[in-house]
Every structure is written in C-alpha cells, then in structure tokens.
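Scroll down for the structure; my scribbles are underneath it.
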Amino acid sequence: MSLTAAASGFLVLLLTLPVIQGQDVWGVTYTPTEVCAVKGSTVTIRCSYTHPYTVNGLDAKAVETFWFTKTSNDVYVDLRTDPEYSGRVESHCVNKVCTLMIRDLRESDSAEYKFRFTTNQPDGKYTGSPGVSLSVTDLQVHVSRFIVYESYNWAEMTCQSSCLPPGHSHYVWFKNGEKIRTQTSIPYSDYFYPAESVSCAVGGYEAFSSPSVLIQSQSEWGVTYTPTEVCAFKGSKVNMRCRYTYPSTTNSGVQNTFWFTKEKDGEPVDPTTDSQYSRRVQHRCDHNDCTLTIRDLRKSDSADYKFRFTTNQPHGKYTGSPGVTLSVTDPQLQINVRRSTLNSTWTELTCQSKCQLPKDVSYIWYQNGEKRKEEKVYFHPHPLNPADNYSCAIKGHEMFSSPSVYAPKLPSVSVSPSAEIVEGSSVTLTCSSDANPAANYTWYKEDKDSPKSSGQIFNITDFRAEHSGSYSCEAQNNIGRSNSTLHLTVVAGSWKYAAAGTMAVVLLAVISLSVFLWIRKKGASRDSSEPEERPDNREQDLPDQGQQEEQEEQEELQYASVHFSNKRADPLYSSIKPAQALRHTEQQDVAEYAAVQFNSAPRIRGGEDPAALYSTVNKTR
C-alpha cells in the first residue's frame with residue numbers, strides 16, 4: 001500500500017496493483033485500484049489503455065474515451081454529462097494515458113469508476129473491468145482524555161478519518177459552531193462547560209466539518225442524539241436514538257423516560273398518549289440508550305423530537321435540547337436526457353429524494369403502471385414514447401410512488417381575435433400542453449429551423465400580409481416533444497371596407513336621384529311642346545317622328561362633372577345664371593341645378609358635331 005498526494009494537496013490512501021499488458025491486445029490498467037478520500041477534497045484517478053494497432057489490415061485508433069459509474073441496457077453514462085458531477089469532473093487523455101479528476105467530493109461519489117474507449121473499427125469497444133474503487137468518508141471527533149471539575153470539564157481529542165494517515169496536522173476546530181482561531185494542532189484540548197460541543201475539518205475544507213460532539217462526562221446531566229437530523233419517506237418507519245447521563249449516587253435512579261414534540265400548560269406531552277400518533281409510536285430504553293420508533297410516517301410528523309427523563313433526586317428532571325429534526329417527504333423523480341454518441345440516444349431516469357437515503361435502498365421503476373426495473377437509475381435505451389409515463393417507488397413502500405412523468409401531450413393552440421384577422425391589427429397566439437415536468441414552448445413559422453418566439457404566448461403587432469402563413473407551436477420537456485400547427489390569413493383593412501361602402505351608398509343615391517329626375521324630365525318634356533314656353537327651341541321644328549327618336553335616345557343617361565361658368569351661355573343650350581346675377585335680378589328664375597341631363601347627340605343633321613353633348617335645364621317662374 002502506498003500514499004499518493006491528490007490534486008487538492010492533501011493525502012488519500014491508494015492501493016496500486018499494476019498489470020503488465022502487451023501493446024497489441026485490448027486492455028485498461030488502473031493506477032491505483034483503490035482510493036480513499038475525505039468529503040470535500042479532490043481526487044485524481046489514472047489509467048492507461050491498449051488496443052491492437054491494426055484490425056483486418058486497417059490501422060486502429062481511439063475515437064472516444066470516457067469514465068463512467070452507471071450502466072444499464074448497454075448504456076454507459078459519461079461522467080462529464082452526469083448532472084450529479086456537473087462542474088466537478090475533468091477528463092484528459094495524452095498518449096493513451098488518461099486521468100479523471102473529481103473535485104468537492106461527496107459521500108455519494110463512493111463508487112466503482114471504470115474507463116471505456118471506442119476505436120474506428122467495427123465492434124471496437126472496450127471497458128476496463130474491474131475499475132477503481134473510490135471511498136469517500138467523513139471526519140469524526142474522538143475524545144481521548146476527560147477530566148471533570150466542579151463547574152466545568154477538560155477534554156483532549158483528535159480529528160480522525162479512515163482516509164487520513166497518522167500525523168496529518170492541518171486541521172481546523174470549531175467550538176459551539178464557531179471557528180477557533182489559530183487552533184490547528186493534534187490533539188486538541190480545551191475547557192468546556194456542560195452541553196458545549198466541538199467539531200473539526202481539514203484545513204481548506206471548512207465547509208465539510210465533522211458532526212458535532214457534546215463534551216460531557218457520565219456524571220453530568222445530558223442527552224446525546226445520534227444523528228441529530230433524520231429524513232424519511234411518507235409511509236415508512238423511522239428510528240430516533242439518544243443516550244442520557246446524570247449524576248449518579250447510591251440511592252439515585254431514573255423514574256420516567258419519554259420523547260415529545262408538543263407541550264401543554266408548560267409540560268411536555270408523551271406522543272404515546274397523543275391521538276395524532278395513536279398506535280404508531282413505540283418507546284424503549286436499554287440502560288441509558290433509548291429509541292423512539294414511528295411507523296406509517298405522515299408529513300405532519302415532521303418536527304423537532306426531544307428526550308426527557310426524570311430521576312428520584314430533587315429537581316431531577318432534564319430535557320435534551322436541541323433534539324432530533326425529523327423531515328418526512330415524498331420521493332422526487334428527476335429526468336435527464338443525454339446523447340452519448342451521434343448514433344445512439346438514451347434517456348436516464350433518476351429517482352431522488354429531498355433527503356439523503358441509505359445506500360442499500362432499492363428503487364422500483366414503473367412504465368405505464370407496470371413494473372420494469374429495480375435500480376436507482378433507470379436507463380431507457382431508446383427515445384421515450386410520448387404516450388408513455390414513468391414513476392418510481394422505494395422497495396417495500398410501493399404504495400407511495402412518485403408522481404408520473406411524461407412527455408408533452410398534443411398542444412392546444414388558439415388565436416385571438418378568433419374572427420377574421422384585419423390588416424394592421426394585433427394578434428395573440430396561445431399554446432398549452434399537459435406535461436410533467438412542465439413544458440417549454442417554441443414558435444416556428446412555415447416547418448423553419450429558426451424560432452420566431454419562445455414562451456407560451458406569442459404576440460404579433462401590426463399584422464401584415466407577410467405575416468400570413470402556418471405557425472407551429474412545439475412543446476418540449478426533457479422526456480419528449482409534441483407540436484401543433486395553425487394557419488393565419490390577413491384580410492383587407494377596415495378603412496377599405498368603409499371606402500367601398502361609402503362609394504356604394506353614393507352610387508345608389510345618384511342612381512335613385514337620376515331615375516327620379518328622369519321621370520320628372522319626361523313630364524317636363526310634354527309641357528315644353530307648347531310654343532310659348534320654348535320660343536327659341538329649334539327642336540320644335542323637327543317632325544314628330546324625329547322628336548320621338550331623339551327622346552328615345554335621351555333615355556340613355558350619361559353622367560359627367562358639371563362646369564359652371566360666369567359667361568352667359570347660349571339660351572338655346574342653357575338657362576343657368578350665375579348666383580351673383582340672380583341676387584341682383586328683380587325677377588329671379590328658380591333653376592334646378594341638380595336635375596342636369598347629358599344626352600347623346602341626335603342623328604347628324606347638316607354640319608353638327610356628332611360628338612357634342614347637349615343639356616336641357618328646366619326652369620320655372
């Protein structure tokens with residue numbers, strides 16, 4: 001056995017078993033094969049690998065190398081992609097020598113680490129097995145000497161770990177949770193009052209200190225809890241333990257012991273008499289060691305549990321405070337989707353709890369309610385079917401399974417306003433999908449790669465013709481994805497509708513007015529046949545047949561703009577007078593300016609212009 005310095009600077013125990021292998025065979029050699037390190041430190045694991053230089057006459061070379069601890073269904077999880085090691089691992093290879101560095105070690109990092117490489121040849125994959133066994137341990141305070149004085153105690157202690165060699169002196173000590181200045185020697189000694197505590201840590205890793213230890217003798221009043229924090233699942237069973245001490249005399253003895261969480265009228269309430277714990281609690285003591293057992297745990301059982309004992313001595317009552325903190329929780333399911341190579345995809349499902357569970361806890365996985373695997377981490381070798389759901393449970397407590405997780409269902413897409421989309425208006429698209437974990441939403445236009453927007457709601461202001469088209473909403477979580485599409489079309493703006501409506505109304509009014517005036521004109525034409533009414537009308541000399549034909553031609557109405565001039569017109573074609581002249585005329589004629597008719601020219605007579613337009617204006621006295 002040899003001692004090797006880790007990258008962090010402090011020592012870990014390493015066991016090296018070298019293996020000599022030829023350069024033309026498949027193999028992985030680990031140096032060392034066993035590593036022990038303290039929580040919070042940094043460790044480096046090394047290996048070298050070999051493979052045939054040629055396979056079937058072709059040169060062979062490694063194209064992929066990685067370290068792993070998890071494998072299932074022919075799936076090997078690269079530690080660099082494992083969320084449990086996120087930001088804590090580095091892997092390098094130079095000339096077929098590879099290293100794995102793990103920082104900020106946790107007790108959960110204790111595992112067997114293996115190296116795997118793939119070459120450019122068919123079936124050119126190899127895993128070095130067995131791998132490197134890593135053990136991560138915590139520190140412990142060991143009291144070696146203890147002296148009792150009248151009102152205080154003196155103690156000498158050391159900081160110990162199975163991974164620390166004797167004589168390592170760089171430690172930091174804490175008294176009642178506060179760092180002791182300049183105290184780094186081993187052993188450490190000091191004076192303590194009853195119920196004072198002490199802990200230790202490796203220098204540079206103060207955040208990873210040992211559990212606190214109460215410094216007291218068997219002749220003092222005290223209660224020591226082991227551990228001080230307990231986490232358990234709903235429906236399971238939990239044991240909380242303690243050890244009590246008190247000044248003993250010839251006639252002294254303990255009369256009563258119990259645990260409690262509640263007080264009534266200033267006195268603690270024994271849970272064995274509490275209806276909340278009816279038939280679910282049991283308390284027993286073996287000499288000075290006592291245990292409280294609670295079965296069928298409920299979330300309401302989460303509380304701070306304290307131990308109290310009473311002796312036959314005057315004022316012989318004592319409560320250990322603080323007590324044991326119990327947390328009752330449900331399992332939590334965490335889903336991770338990772339691609340190991342370009343040609344394979346798998347899904348990793350990890351069943352996790354809010355609290356640290358024993359390493360020997362077994363998990364059961366369910367797919368669509370049917371049992372699939374019994375392991376903490378479940379690897380699915382293919383992409384998950386969006387129609388499937390998955391859940392997990394702790395073996396022995398299957399009735400308390402986790403909530404199911406599943407890919408997003410077919411999204412529901414809606415648009416507002418739901419009526420026709422008018423050009424220039426604002427449009428809101430909304431997408432929703434049932435998923436666990438909750439889905440993330442992305443919007444695309446026309447099956448394109450670049451997204452238009454992200455989020456459940458997509459707003460388009462000032463909608464134009466170029467915005468028309470198909471919009472797709474994709475709902476995605478780390479299990480799968482699903483999408484729905486809708487088509488948007490813009491119509492003419494409201495101002496165009498208004499203009500068209502106005503023109504229609506005006507045109508209808510003009511036609512109605514024209515018909516009305518035409519009817520009046522026909523009546524006026526009959527009256528105008530008298531000579532005294534139209535003495536200057538040259539058309540009265542026309543034969544009756546010609547006049548009739550001209551009247552028929554006049555029925556074809558034509559419309560044009562009317563131009564009013566201040567010049568006096570020929571009385572044969574117009575009887576319209578300027579407005580200014582009318583106001584200064586003693587006898588004013590009442591002219592109908594709106595009843596102006598433009599008629600087609602009569603048949604050509606003599607030298608008349610066939611393109612001329614003629615008008616007839618009726619006037620009355």
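We label chains A, B, ... in the order they appear in the structure tokens, count residues from 1 in each chain, and number ligands from 1 in the order shown.
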
Which residues are near segment 93-110 of chain A? Cut-off 10 Å, only C-alpha atoms, ignore same chain within fewer than 5 positions. Put them as a ChimeraX atom specification.
/A:6-8,28-31,35-51,62,65-67,69,79,84-85,87-88,115,133-138,205,208,356,359

Surrounding residues of Tyr444 of chain A excluding itself and chain neighbours under 3 positions, 12 Å, only C-alpha atoms, as a list of chain:residue names
A:Leu429, A:Tyr441, A:Asp447, A:Lys448, A:Asp449, A:Ser450, A:Pro451, A:Lys452, A:Ser453, A:Ser454, A:Gly455, A:Phe458, A:Gly469, A:Ser470, A:Tyr471, A:Ser472, A:Cys473, A:Glu474, A:Ala475, A:Asn483, A:Ser484, A:Thr485, A:Leu486, A:His487

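Picture a line from atom CA of Glu34 of chain A to atom CA of Ser91 of chain A; it runs 18.5 Å.
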
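Checking A:Val491, A:Asn477, A:Trp443, A:Val510 one by one against Glu423 of chain A, counting only C-alpha atoms, you find the shortest gap at A:Val491.
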
For each of A:Glu348, A:Pro381, A:Gln121, A:Val202, take the minimum atom-to-atom distance to Thr81 of chain A, counting only C-alpha atoms, then give the residue where this is smallest.
A:Glu348

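Shortest atom-to-atom contact with Cys231 of chain A among A:Leu326, A:Leu513, A:Ala387, A:Ala303: A:Leu326, counting only C-alpha atoms.
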